[in-house]
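What follows is input.txt (compact mmCIF, C-alpha atoms and all ligand atoms).
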# COMPACT_ATOMS: atom_id res chain seq x y z
CA MET B 1 106.54 125.35 107.80
CA THR B 2 107.49 121.80 106.88
CA LYS B 3 104.83 119.16 107.33
CA PRO B 4 105.51 116.14 109.55
CA ASN B 5 106.12 112.87 107.74
CA LEU B 6 103.60 110.05 107.67
CA LEU B 7 103.96 106.49 106.43
CA SER B 8 101.54 103.63 105.97
CA GLY B 9 101.45 100.44 103.96
CA MET B 10 99.11 97.85 102.51
CA GLN B 11 99.63 94.43 101.00
CA PRO B 12 98.85 93.83 97.32
CA SER B 13 97.28 90.52 98.20
CA ALA B 14 93.91 90.72 96.41
CA GLY B 15 92.57 91.87 93.07
CA SER B 16 90.29 94.38 94.73
CA LEU B 17 90.19 96.36 97.93
CA HIS B 18 87.00 95.86 99.95
CA LEU B 19 84.75 98.39 101.62
CA GLY B 20 86.55 97.83 104.96
CA ASN B 21 89.91 98.82 103.43
CA TYR B 22 88.27 101.78 101.75
CA LEU B 23 86.24 103.24 104.65
CA GLY B 24 88.61 102.02 107.37
CA ALA B 25 91.92 103.12 105.87
CA LEU B 26 91.92 104.71 102.44
CA VAL B 27 89.47 107.54 103.13
CA ASN B 28 91.60 108.57 106.12
CA TRP B 29 94.84 108.31 104.18
CA ALA B 30 93.43 110.58 101.49
CA ALA B 31 92.28 113.05 104.16
CA MET B 32 95.69 113.10 105.90
CA GLN B 33 97.76 113.87 102.83
CA ASP B 34 97.14 117.62 103.10
CA SER B 35 98.54 118.02 106.59
CA TYR B 36 101.38 115.48 106.29
CA ASN B 37 104.21 114.70 103.94
CA ALA B 38 102.77 111.26 103.25
CA PHE B 39 104.42 108.07 102.01
CA TYR B 40 102.08 105.24 101.02
CA CYS B 41 103.79 101.94 100.34
CA ILE B 42 102.46 98.86 98.56
CA VAL B 43 104.26 96.16 100.50
CA ASP B 44 105.06 93.45 97.98
CA LEU B 45 107.96 92.11 100.08
CA HIS B 46 105.45 91.42 102.85
CA ALA B 47 103.06 89.74 100.41
CA ILE B 48 105.58 86.97 99.63
CA THR B 49 105.77 85.87 103.28
CA VAL B 50 102.95 83.55 102.18
CA PRO B 51 102.96 81.78 98.78
CA GLN B 52 101.99 84.03 95.84
CA ASP B 53 101.40 83.31 92.20
CA PRO B 54 103.92 85.61 90.41
CA SER B 55 101.58 86.85 87.68
CA GLU B 56 98.81 87.51 90.20
CA LEU B 57 101.19 89.37 92.50
CA ARG B 58 102.28 91.58 89.60
CA ALA B 59 98.66 92.26 88.56
CA ASN B 60 97.49 92.86 92.13
CA THR B 61 100.31 95.33 92.79
CA ARG B 62 99.18 97.49 89.86
CA ARG B 63 95.49 97.01 90.73
CA THR B 64 96.11 98.10 94.31
CA ALA B 65 97.98 101.21 93.11
CA ALA B 66 95.19 102.06 90.64
CA GLN B 67 92.52 101.83 93.34
CA TYR B 68 94.48 104.03 95.72
CA LEU B 69 94.88 106.70 93.09
CA ALA B 70 91.23 106.37 92.00
CA ALA B 71 90.04 106.72 95.60
CA GLY B 72 91.88 109.96 96.18
CA ILE B 73 95.56 109.40 96.91
CA ASP B 74 97.09 112.26 94.96
CA SER B 75 100.49 111.38 93.52
CA ASP B 76 101.48 115.06 93.51
CA LYS B 77 100.91 115.38 97.24
CA SER B 78 101.94 111.91 98.43
CA ALA B 79 104.61 109.43 97.42
CA LEU B 80 102.78 106.27 96.35
CA PHE B 81 105.38 103.57 95.77
CA VAL B 82 106.15 99.86 95.69
CA GLN B 83 108.29 98.54 98.55
CA SER B 84 110.59 96.43 96.34
CA HIS B 85 111.50 99.60 94.39
CA VAL B 86 113.26 100.89 97.49
CA PRO B 87 116.09 98.49 98.41
CA ALA B 88 116.66 100.19 101.78
CA HIS B 89 113.58 98.41 103.23
CA ALA B 90 115.25 95.00 103.02
CA GLN B 91 118.61 96.46 104.03
CA LEU B 92 117.37 98.18 107.18
CA ALA B 93 115.25 95.12 108.02
CA TRP B 94 118.46 93.07 108.26
CA VAL B 95 120.05 95.52 110.69
CA LEU B 96 116.89 95.60 112.82
CA GLN B 97 116.68 91.79 112.83
CA CYS B 98 120.11 91.82 114.44
CA ILE B 99 118.88 93.91 117.39
CA THR B 100 115.60 92.01 117.87
CA GLY B 101 115.45 89.16 120.36
CA MET B 102 113.99 85.77 119.36
CA GLY B 103 111.63 85.95 122.34
CA GLU B 104 110.51 89.43 121.40
CA ALA B 105 109.74 88.40 117.81
CA GLY B 106 108.05 85.26 119.09
CA ARG B 107 105.50 87.28 121.05
CA MET B 108 103.89 88.79 117.94
CA THR B 109 100.28 87.67 117.96
CA GLN B 110 99.71 88.12 114.22
CA PHE B 111 102.29 85.38 113.51
CA LYS B 112 100.57 83.13 116.02
CA ASP B 113 97.16 83.84 114.45
CA LYS B 114 98.37 83.32 110.91
CA THR B 115 100.04 80.00 111.73
CA GLN B 116 97.26 78.62 113.89
CA LYS B 117 95.64 76.64 111.09
CA ASN B 118 98.66 74.96 109.48
CA GLY B 119 101.19 75.10 112.31
CA GLN B 120 104.48 76.98 112.65
CA GLU B 121 106.64 74.26 111.11
CA SER B 122 105.39 75.01 107.60
CA ALA B 123 105.37 78.82 107.96
CA SER B 124 108.19 80.76 106.32
CA VAL B 125 110.92 82.49 108.32
CA GLY B 126 109.81 85.62 106.44
CA LEU B 127 106.39 85.41 108.04
CA PHE B 128 108.12 85.24 111.42
CA THR B 129 110.26 88.33 110.75
CA TYR B 130 107.41 90.20 109.00
CA PRO B 131 106.98 92.75 111.85
CA ILE B 132 110.70 93.65 111.71
CA LEU B 133 110.44 94.41 107.99
CA GLN B 134 107.40 96.53 108.86
CA ALA B 135 109.50 98.40 111.44
CA ALA B 136 112.06 99.10 108.70
CA ASP B 137 109.29 100.36 106.37
CA ILE B 138 108.31 102.85 109.01
CA LEU B 139 111.64 103.99 110.47
CA LEU B 140 113.24 104.80 107.10
CA TYR B 141 110.82 107.71 106.65
CA GLN B 142 111.17 109.31 110.11
CA PRO B 143 107.38 109.57 110.40
CA LYS B 144 105.57 111.21 113.28
CA ALA B 145 102.32 109.37 112.47
CA VAL B 146 101.56 105.88 111.22
CA PRO B 147 97.84 105.44 110.50
CA VAL B 148 96.87 101.78 110.93
CA GLY B 149 94.02 99.61 112.14
CA GLU B 150 93.79 98.36 115.73
CA ASP B 151 95.25 94.98 114.67
CA GLN B 152 98.60 96.67 113.98
CA ARG B 153 99.08 98.14 117.45
CA GLN B 154 101.54 95.45 118.57
CA HIS B 155 103.70 95.86 115.45
CA LEU B 156 103.85 99.60 116.12
CA GLU B 157 104.96 98.95 119.70
CA LEU B 158 107.77 96.71 118.41
CA THR B 159 108.75 99.43 115.93
CA ARG B 160 108.97 101.99 118.73
CA ASP B 161 110.99 99.60 120.92
CA LEU B 162 113.48 98.90 118.13
CA ALA B 163 113.83 102.61 117.33
CA MET B 164 114.51 103.47 120.98
CA ARG B 165 116.95 100.58 121.34
CA PHE B 166 118.89 101.62 118.24
CA ASN B 167 118.93 105.26 119.34
CA SER B 168 120.21 104.43 122.80
CA ARG B 169 122.91 102.03 121.57
CA PHE B 170 124.16 103.95 118.57
CA GLY B 171 123.00 107.55 119.04
CA ASP B 172 119.90 109.42 117.94
CA THR B 173 118.95 108.16 114.49
CA PHE B 174 115.23 107.47 114.31
CA VAL B 175 112.16 109.56 115.09
CA ILE B 176 109.97 107.53 117.49
CA PRO B 177 106.71 107.09 115.55
CA GLU B 178 103.21 107.29 117.02
CA ALA B 179 100.51 104.84 115.97
CA HIS B 180 97.53 106.78 114.70
CA ILE B 181 94.85 104.16 115.31
CA LEU B 182 91.90 104.77 113.07
CA LYS B 183 88.48 105.20 114.63
CA GLU B 184 86.64 102.09 115.79
CA THR B 185 83.52 103.50 114.14
CA ALA B 186 85.24 102.99 110.79
CA LYS B 187 85.21 99.23 111.34
CA ILE B 188 83.13 97.51 108.70
CA TYR B 189 81.65 94.06 109.31
CA ASP B 190 80.95 91.11 107.03
CA LEU B 191 77.51 91.33 105.37
CA GLN B 192 76.83 87.62 105.90
CA VAL B 193 78.47 87.23 109.34
CA PRO B 194 78.01 90.72 110.83
CA GLU B 195 79.81 89.79 114.06
CA ALA B 196 83.08 89.35 112.08
CA LYS B 197 85.08 92.13 110.46
CA MET B 198 84.88 92.39 106.66
CA SER B 199 87.98 90.61 105.38
CA LYS B 200 89.33 89.25 102.13
CA SER B 201 89.64 85.83 103.76
CA ALA B 202 85.85 85.64 104.31
CA ALA B 203 84.29 82.23 103.72
CA ASP B 204 81.47 83.64 101.59
CA PRO B 205 82.26 86.24 98.88
CA LYS B 206 78.77 87.72 99.41
CA GLY B 207 80.04 89.01 102.76
CA LEU B 208 82.22 91.69 101.23
CA ILE B 209 81.72 94.58 98.85
CA ASN B 210 84.72 95.17 96.60
CA LEU B 211 85.66 98.49 95.04
CA MET B 212 86.02 96.65 91.72
CA ASP B 213 82.55 94.98 91.93
CA GLU B 214 80.07 95.79 89.16
CA ASN B 215 76.96 97.80 90.14
CA ASN B 216 74.54 94.87 89.99
CA VAL B 217 76.86 92.78 92.16
CA ILE B 218 77.00 95.54 94.81
CA THR B 219 73.20 95.80 94.82
CA LYS B 220 72.76 92.05 95.07
CA LYS B 221 75.20 91.75 97.98
CA ILE B 222 73.48 94.54 99.94
CA LYS B 223 70.04 93.06 99.30
CA SER B 224 71.14 89.65 100.56
CA ALA B 225 72.87 91.06 103.68
CA VAL B 226 71.90 89.27 106.90
CA THR B 227 69.59 91.32 109.16
CA ASP B 228 67.18 90.14 111.89
CA THR B 229 63.47 89.48 112.33
CA GLU B 230 62.57 92.56 114.40
CA GLY B 231 61.86 94.70 111.35
CA SER B 232 62.76 98.13 112.75
CA VAL B 233 65.72 100.17 111.50
CA ARG B 234 67.63 100.87 114.68
CA PHE B 235 71.32 100.89 115.65
CA ASP B 236 72.22 98.29 118.28
CA ARG B 237 75.55 96.58 117.67
CA GLU B 238 74.85 93.86 120.24
CA SER B 239 71.41 92.61 119.31
CA LYS B 240 71.19 93.90 115.70
CA PRO B 241 74.71 93.55 114.24
CA GLY B 242 73.53 93.25 110.62
CA VAL B 243 71.29 96.31 110.56
CA SER B 244 73.83 98.29 112.62
CA ASN B 245 76.55 97.49 110.09
CA LEU B 246 74.33 98.68 107.22
CA LEU B 247 73.58 101.89 109.12
CA GLY B 248 77.28 102.39 109.85
CA ILE B 249 78.21 101.98 106.19
CA PHE B 250 75.36 104.27 105.11
CA SER B 251 76.47 106.95 107.55
CA LEU B 252 80.11 106.85 106.42
CA ILE B 253 79.14 106.96 102.73
CA SER B 254 76.50 109.70 103.01
CA GLY B 255 77.84 111.81 105.89
CA GLU B 256 74.41 111.58 107.57
CA THR B 257 74.41 110.71 111.26
CA ILE B 258 73.04 107.38 112.45
CA PRO B 259 70.14 109.01 114.42
CA ALA B 260 69.18 110.93 111.26
CA LEU B 261 69.13 107.69 109.28
CA GLU B 262 67.09 105.93 112.00
CA ALA B 263 64.54 108.76 111.84
CA ARG B 264 64.41 108.67 108.05
CA PHE B 265 63.67 104.93 107.93
CA GLU B 266 61.29 104.88 110.91
CA GLY B 267 58.27 102.69 110.18
CA GLN B 268 59.87 101.34 107.00
CA GLY B 269 61.24 97.84 106.61
CA TYR B 270 64.77 96.67 105.83
CA GLY B 271 63.93 96.61 102.11
CA ALA B 272 63.80 100.41 101.98
CA LEU B 273 67.10 100.75 103.88
CA LYS B 274 68.84 98.22 101.65
CA GLY B 275 67.47 99.77 98.45
CA GLU B 276 68.67 103.26 99.30
CA LEU B 277 72.00 102.05 100.65
CA ALA B 278 72.65 100.01 97.50
CA ASP B 279 71.94 103.09 95.35
CA ALA B 280 74.20 105.28 97.49
CA LEU B 281 77.04 102.75 97.37
CA VAL B 282 76.76 102.27 93.63
CA ALA B 283 76.84 106.04 93.11
CA HIS B 284 79.90 106.29 95.37
CA ILE B 285 81.89 103.30 94.10
CA GLU B 286 81.14 103.43 90.36
CA PRO B 287 83.35 106.46 89.61
CA ILE B 288 86.20 104.99 91.68
CA ARG B 289 85.97 101.67 89.85
CA ASN B 290 85.77 103.41 86.47
CA ARG B 291 88.80 105.56 87.25
CA ALA B 292 90.78 102.54 88.48
CA ASN B 293 89.93 100.60 85.32
CA GLU B 294 90.92 103.58 83.22
CA LEU B 295 94.30 103.79 84.98
CA LEU B 296 94.78 100.06 84.42
CA THR B 297 94.38 100.44 80.66
CA ASP B 298 97.69 102.33 80.68
CA PRO B 299 100.10 100.29 82.81
CA ALA B 300 103.08 102.25 81.46
CA GLU B 301 101.69 105.50 82.89
CA LEU B 302 100.84 103.77 86.16
CA ASP B 303 104.38 102.39 86.38
CA ARG B 304 105.71 105.89 85.69
CA LEU B 305 103.72 107.32 88.61
CA LEU B 306 105.00 104.53 90.86
CA ALA B 307 108.58 105.18 89.70
CA GLU B 308 108.17 108.86 90.61
CA GLY B 309 106.90 107.85 94.04
CA ALA B 310 109.87 105.49 94.42
CA ASP B 311 112.30 108.30 93.56
CA ARG B 312 110.89 110.42 96.37
CA ALA B 313 110.91 107.48 98.75
CA ASN B 314 114.45 106.40 97.84
CA GLU B 315 115.84 109.84 98.49
CA LEU B 316 114.76 109.86 102.14
CA ALA B 317 115.21 106.12 102.71
CA GLU B 318 118.83 106.22 101.48
CA GLN B 319 119.64 109.11 103.80
CA THR B 320 118.31 107.22 106.80
CA LEU B 321 120.05 103.99 105.80
CA ALA B 322 123.38 105.80 105.30
CA LYS B 323 123.10 107.19 108.83
CA VAL B 324 122.34 103.71 110.20
CA TYR B 325 125.31 102.11 108.39
CA GLU B 326 127.59 104.85 109.65
CA ARG B 327 126.40 104.57 113.27
CA ILE B 328 126.65 100.80 113.31
CA GLY B 329 130.28 100.85 112.22
CA PHE B 330 130.21 99.70 108.59
CA VAL B 331 133.11 100.98 106.47
CA ARG B 332 131.61 102.84 103.55
CA ALA B 333 132.84 101.96 100.05
CA ALA B 334 135.37 104.51 98.78
CA ARG B 335 134.14 106.31 95.68
P1 LIG B 401 94.45 94.37 105.23
O1 LIG B 401 93.47 94.07 104.15
O2 LIG B 401 94.23 93.57 106.46
O3 LIG B 401 95.89 94.37 104.75
O4 LIG B 401 94.16 95.87 105.70
C1 LIG B 401 94.51 97.03 105.01
C2 LIG B 401 93.97 98.22 105.79
O5 LIG B 401 92.52 98.20 105.82
C3 LIG B 401 94.41 98.24 107.27
O6 LIG B 401 94.71 99.57 107.64
C4 LIG B 401 93.20 97.73 108.02
O7 LIG B 401 93.12 98.25 109.32
C5 LIG B 401 92.03 98.22 107.16
N1 LIG B 401 90.87 97.29 107.25
C6 LIG B 401 90.85 96.01 106.84
N2 LIG B 401 89.63 95.44 107.06
C7 LIG B 401 88.87 96.40 107.65
C8 LIG B 401 87.50 96.45 108.11
N3 LIG B 401 86.69 95.40 108.01
N4 LIG B 401 87.05 97.60 108.64
C9 LIG B 401 87.87 98.68 108.74
N5 LIG B 401 89.15 98.71 108.32
C10 LIG B 401 89.66 97.59 107.77
N1 LIG B 402 101.17 94.86 108.36
C1 LIG B 402 100.30 95.86 107.77
C2 LIG B 402 98.88 95.25 107.59
O1 LIG B 402 98.74 94.06 107.58
C3 LIG B 402 100.83 96.31 106.43
C4 LIG B 402 102.11 97.08 106.58
C5 LIG B 402 103.35 96.71 106.17
C6 LIG B 402 102.24 98.36 107.15
N2 LIG B 402 104.26 97.68 106.42
C7 LIG B 402 103.61 98.71 107.04
C8 LIG B 402 101.34 99.24 107.77
C9 LIG B 402 104.11 99.92 107.54
C10 LIG B 402 101.84 100.47 108.27
C11 LIG B 402 103.22 100.77 108.15
O2 LIG B 402 97.93 96.00 107.44
For the file at hand, write its structure as structure tokens.
Ligand code: AMP
Ligand code: TRP
Amino acid sequence: MTKPNLLSGMQPSAGSLHLGNYLGALVNWAAMQDSYNAFYCIVDLHAITVPQDPSELRANTRRTAAQYLAAGIDSDKSALFVQSHVPAHAQLAWVLQCITGMGEAGRMTQFKDKTQKNGQESASVGLFTYPILQAADILLYQPKAVPVGEDQRQHLELTRDLAMRFNSRFGDTFVIPEAHILKETAKIYDLQVPEAKMSKSAADPKGLINLMDENNVITKKIKSAVTDTEGSVRFDRESKPGVSNLLGIFSLISGETIPALEARFEGQGYGALKGELADALVAHIEPIRNRANELLTDPAELDRLLAEGADRANELAEQTLAKVYERIGFVRAAR
């Protein structure tokens, strides 16, 4: 039986993934690769919708790939590839831009959020059309499932709308993809501002644990995490966001349930919880970091793996694009 296709993507916009990316996305992506024919795309075209330093972008693209592989994306099972290695993404994006209304694109809340600080005048047109490129990323691979965080729901709706519109105007071409929204419980919060989600744009670097952080840095960040003055280890997201976040992380890392952890730390202070959590995180992250660093010592081999992934991606993407060009009425070049 052939497995259904799956596609997801992540931007290479930082030198390290954080614990939110890891527990919220990566662990699920690794788990899904057995039951799906998975395509995982490092979206460098999306990264340049905001200014990037070229040498950092190049380094971050390889660092992102290395961390995905180190954390369990298996390049034999899944196609791990770089978006700019597959020209069909930009090509299909153009076609989709031509069936998207200005008003429709203008309703995307991520664009509004991202331009709130500096205003829309200085934002790039690429940032405005970002969700249409994302739709192209998805539709090229005819995926049944697209695992993403809650914040991507609107982009998935646009993708489905564009797919249905194309299909009804030009004939059945695209599979209509389903958003596979990852569990809310996998949401990780900032260690310093535990009401906010852990994010690379955090004001204070102590708020996030990075997969590439050294052991002593991980321990220090956990020990300085914000808690409360009550002193009892108990899960209550409303009144104890800091302690609840630590319990949530501990549970995801160890596989123990939150009630079991509450029972284990009953009568002990936050110091005991933080000490054990720091040790558990270090034990979990150290081998991933070591493996990622090892992969990064051989960029030629890493590039070879990415080229293999791109070959697999190109094969399917070109088929879909050829169908689109045919349906839309382009004369194909005679060979
Ligand atoms: P981003 O860093 O926003 O490009 O996100 C990459 C992936 O990580 C997306 O699937 C997000 O939903 C997920 N993610 C980012 N931050 C968190 C977080 N704090 N908790 C859980 N998942 C997250
Ligand atoms: N916009 C997504 C994010 O910010 C990244 C992304 C780009 C993506 N293309 C995609 C996610 C295709 C899923 C499918 O997280």
May I have a table of the residues of chain B lying at most 6 Å from ligand LIG 401 (chain B), giving each one's closest pair of atoms and their distance in Å to one decimal, counting all atoms listed in the file, ordered by chain and ascending residue number, as CSV?
residue,atom,partner,partner_atom,distance
B:Met10,CA,B:LIG401,O3,5.2
B:Gln11,CA,B:LIG401,O3,5.3
B:Gly20,CA,B:LIG401,C8,3.6
B:Asn21,CA,B:LIG401,O5,3.6
B:Gly24,CA,B:LIG401,N5,3.5
B:Ala25,CA,B:LIG401,O6,4.8
B:Val148,CA,B:LIG401,O6,4.5
B:Gly149,CA,B:LIG401,O7,3.3
B:Ala186,CA,B:LIG401,C9,5.4
B:Lys187,CA,B:LIG401,N4,3.7
B:Ile188,CA,B:LIG401,N4,3.9
B:Tyr189,CA,B:LIG401,N3,5.4
B:Lys197,CA,B:LIG401,N3,4.4
B:Met198,CA,B:LIG401,N3,3.8
B:Ser199,CA,B:LIG401,N2,5.4
d(CA of Lys3 in chain B, CA of Asn37 in chain B) in Å | 5.6 Å
Please, what distance in Å, to one decimal, runs between CA of Leu208 in chain B and CA of Asp137 in chain B?
->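 CA of Asp137 in chain B lies at a distance of 28.9 Å from CA of Leu208 in chain B.
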Which chains and residue numbers are within 8 Å of ligand LIG 402 (chain B), counting all atoms listed in the file, if I want them as a ChimeraX atom specification?
-> /B:7-11,41-43,46,130-131,133-135,137-138,146-149,151-152,155
Might you pull out every residue within 9 Å of range 98-111 of chain B, with all atoms listed in the file counted and same-chain residues fewer than 2 positions away left off, and present them as an MDAnalysis selection string?
-> chainID B and resid 93:96 113:116 120 127:132 151:152 154:155 158 162 165:166
Among listed residues B:Pro287, B:Gly275, B:Gly267, B:Gly171, nearest Glu214 in chain B (using only C-alpha atoms) |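 Checking each of B:Pro287, B:Gly275, B:Gly267, B:Gly171 against Glu214 in chain B, counting only C-alpha atoms, the winner is B:Pro287.
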Select, from B:Leu19, B:Ser124, B:Arg169, B:Pro4, the residue with the minimum atom-to-atom distance to Phe250 in chain B, counting all atoms listed in the file.
->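 For Phe250 in chain B, the nearest of the candidates is B:Leu19.
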Non-local contacts of Glu286 in chain B (12 Å; only C-alpha atoms; under 2 positions in same chain excluded) as an mmCIF file with C-alpha atoms, keeping the file's coordinate frame:
data_model
loop_
_atom_site.group_PDB
_atom_site.id
_atom_site.type_symbol
_atom_site.label_atom_id
_atom_site.label_comp_id
_atom_site.auth_asym_id
_atom_site.auth_seq_id
_atom_site.Cartn_x
_atom_site.Cartn_y
_atom_site.Cartn_z
ATOM 1 C CA GLN B 67 92.520 101.830 93.340
ATOM 2 C CA ALA B 70 91.230 106.370 92.000
ATOM 3 C CA ALA B 71 90.040 106.720 95.600
ATOM 4 C CA ASN B 210 84.720 95.170 96.600
ATOM 5 C CA LEU B 211 85.660 98.490 95.040
ATOM 6 C CA MET B 212 86.020 96.650 91.720
ATOM 7 C CA ASP B 213 82.550 94.980 91.930
ATOM 8 C CA GLU B 214 80.070 95.790 89.160
ATOM 9 C CA ASN B 215 76.960 97.800 90.140
ATOM 10 C CA ASN B 216 74.540 94.870 89.990
ATOM 11 C CA VAL B 217 76.860 92.780 92.160
ATOM 12 C CA ILE B 218 77.000 95.540 94.810
ATOM 13 C CA THR B 219 73.200 95.800 94.820
ATOM 14 C CA ALA B 278 72.650 100.010 97.500
ATOM 15 C CA ASP B 279 71.940 103.090 95.350
ATOM 16 C CA ALA B 280 74.200 105.280 97.490
ATOM 17 C CA LEU B 281 77.040 102.750 97.370
ATOM 18 C CA VAL B 282 76.760 102.270 93.630
ATOM 19 C CA ALA B 283 76.840 106.040 93.110
ATOM 20 C CA HIS B 284 79.900 106.290 95.370
ATOM 21 C CA ILE B 288 86.200 104.990 91.680
ATOM 22 C CA ARG B 289 85.970 101.670 89.850
ATOM 23 C CA ASN B 290 85.770 103.410 86.470
ATOM 24 C CA ARG B 291 88.800 105.560 87.250
ATOM 25 C CA ALA B 292 90.780 102.540 88.480
ATOM 26 C CA ASN B 293 89.930 100.600 85.320
#
In Å, how far is it from CA of Ala59 in chain B to CA of Val82 in chain B?
-> 12.8 Å
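The environment of Asn314 in chain B within 9 Å, counting only C-alpha atoms and disregarding residues fewer than 5 places along the same chain, consists of B:His85, B:Val86, B:Pro87, B:Ala88, B:Gly309, B:Gln319.
Candidate residues B:Ala31, B:Ala300, B:Val175, B:Ala65 were compared for distance to Lys77 in chain B, and the nearest is B:Ala31, using all atoms listed in the file.
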Would you please work out which residue, of B:Val243, B:Met32, B:Ala225, B:Ile253, is nearest to Phe265 in chain B when using only C-alpha atoms?
-> B:Val243
Taking into account only C-alpha atoms, which residue in the set B:Pro12, B:Val125, B:His89, B:Pro51 is nearest to Tyr68 in chain B?
->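 Nearest candidate to Tyr68 in chain B out of B:Pro12, B:Val125, B:His89, B:Pro51: B:Pro12.
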